[in-house]
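Enquirer: There's a structure below that I have some questions on.
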Amino acid sequence: MTIHIAVDIGGTRMRAASYPIDSLIPKASNRIKTRKKNSTSIERLEQLIESVWPEDDDVSAIGIAVPGPVNTAKGIIEKAPNIPELSGLQVGRIMQDIFNVPTFLGNDANFAALGEWKFGAGRGHHYVVYLTISTGIGSGVIINDQLFTGATGFASELGHTLIDPSGPICSCGVCGHLEALASGTAISKWVTEQILSGAETNIVFDSNSDEPIPGNIIADAAKEGDALAIQVFERAGHFLGMAIADFLHIFNPTIIVLGGGVSQSYSLFSEVLYESMQSHVMAPEFLDNITIELAQLGDDVGLMGALAYAREMTASIPDE
């Protein structure tokens, strides 16, 4: 039996699973901490892959989703903010040399877009924009049934679309990016600032704590009618609508797929998002046949994307 192995590397944990060529049900799966005392992340990754390696089947390829920009031309993780020891490493080549099978590396948000297009909410569409709205805002784009990665693999960083040049500083250091205005981090930060400025709210806030206000606390408050909580989600929806209007102009997709923790509160900002999108699009024709759907793959989206990419790349390798 032919097997593909999919890996999803996160800042705190990494997952792997082995899949038969005609199935989405893994033969084996495992999850371990990304870092552990007395072992490197590369050693942990090798051990993880070994733990799901089949005894009697042939592994055709390994797909690995990693956080941070990946130079696909060189197979290098350019920057892994939460796992700095992986920055600058040819992780795919290292694993390929260890296991002697083709190994393909990609940005986790790009792979998530591929997974949702192949197995989730984007099925049946040929032009897809995927946004994962969480701590930051990641993204991926499918154009004419192909994952769009650009010349070197850095394309589709839509969370760093400039929305307001005088806006708050983004995690990348530039002011006014979408991520700085509509991510989970941005939502928590704005609420905190408003409370410190004297805004009335039922949200409990400890001014002596360095921990951000959890997004689910803000969402629950909004559902209970808290004006400040409602306002912050509508604010985020407004900026998301502005950005999506730009994405419609650039990519002309038929579906926008929203994933990540903030998307679970979509009902709190969906109306404002659509109104903002309508008011910022250059012509109503850009809204023809467009649909906005929530992602379907949940925590498995990284694995599913890595699996889809491994299968796709394996199929493109010419037979010897």
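In the structure tokens, chains take letters A, B, ... by order of appearance, with residues numbered from 1 within each chain and ligands from 1 in the order shown.
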Could you write out, as a PyMOL selection string, all the residues of stretch 42-243 of chain A that DSSP marks as alpha helix (DSSP H)?

Expert: chain A and resi 42-52+91-99+108-119+178-182+184-196+215-223+227-243

Enquirer: If you count only C-alpha atoms, which residues fall within 10 Å of A:Thr12, apart from same-chain ones fewer than 6 positions away, as a ChimeraX atom specification?

Expert: /A:32-36,82-83

Enquirer: Could you save those same residues with C-alpha atoms as a PDB file, in the first residue's frame?

Expert:
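Saved to part_24.pdb:
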```pdb
ATOM      1  CA  ILE A  32       4.169  15.737  20.570  1.00  0.00           C
ATOM      2  CA  LYS A  33       5.643  18.922  22.017  1.00  0.00           C
ATOM      3  CA  THR A  34       7.676  20.889  19.490  1.00  0.00           C
ATOM      4  CA  ARG A  35      10.441  21.498  22.006  1.00  0.00           C
ATOM      5  CA  LYS A  36      11.742  19.417  24.849  1.00  0.00           C
ATOM      6  CA  ASN A  82       7.822  30.834  17.503  1.00  0.00           C
ATOM      7  CA  ILE A  83      10.516  28.254  16.684  1.00  0.00           C
TER       8      ILE A  83
END
```

Enquirer: With a distance cut-off of 12 Å and only C-alpha atoms, select the neighbouring residues of A:Glu312, excluding the residue or stretch itself and same-chain residues fewer than 3 positions from it, and output the selection as a count of residues only.

Expert: 22

Enquirer: Run DSSP on the backbone and give me the residues of stretch 9-207 of chain A it puts in strand (DSSP E), as a PyMOL selection string.

Expert: chain A and resi 9+13-20+28-33+58-66+70-71+76-77+103-107+127-133+137-143+146-147

Enquirer: Mind giving me the straight-line distance from atom CA of A:Pro284 to atom CA of A:Ala180 in Å, one decimal?

Expert: 28.0 Å
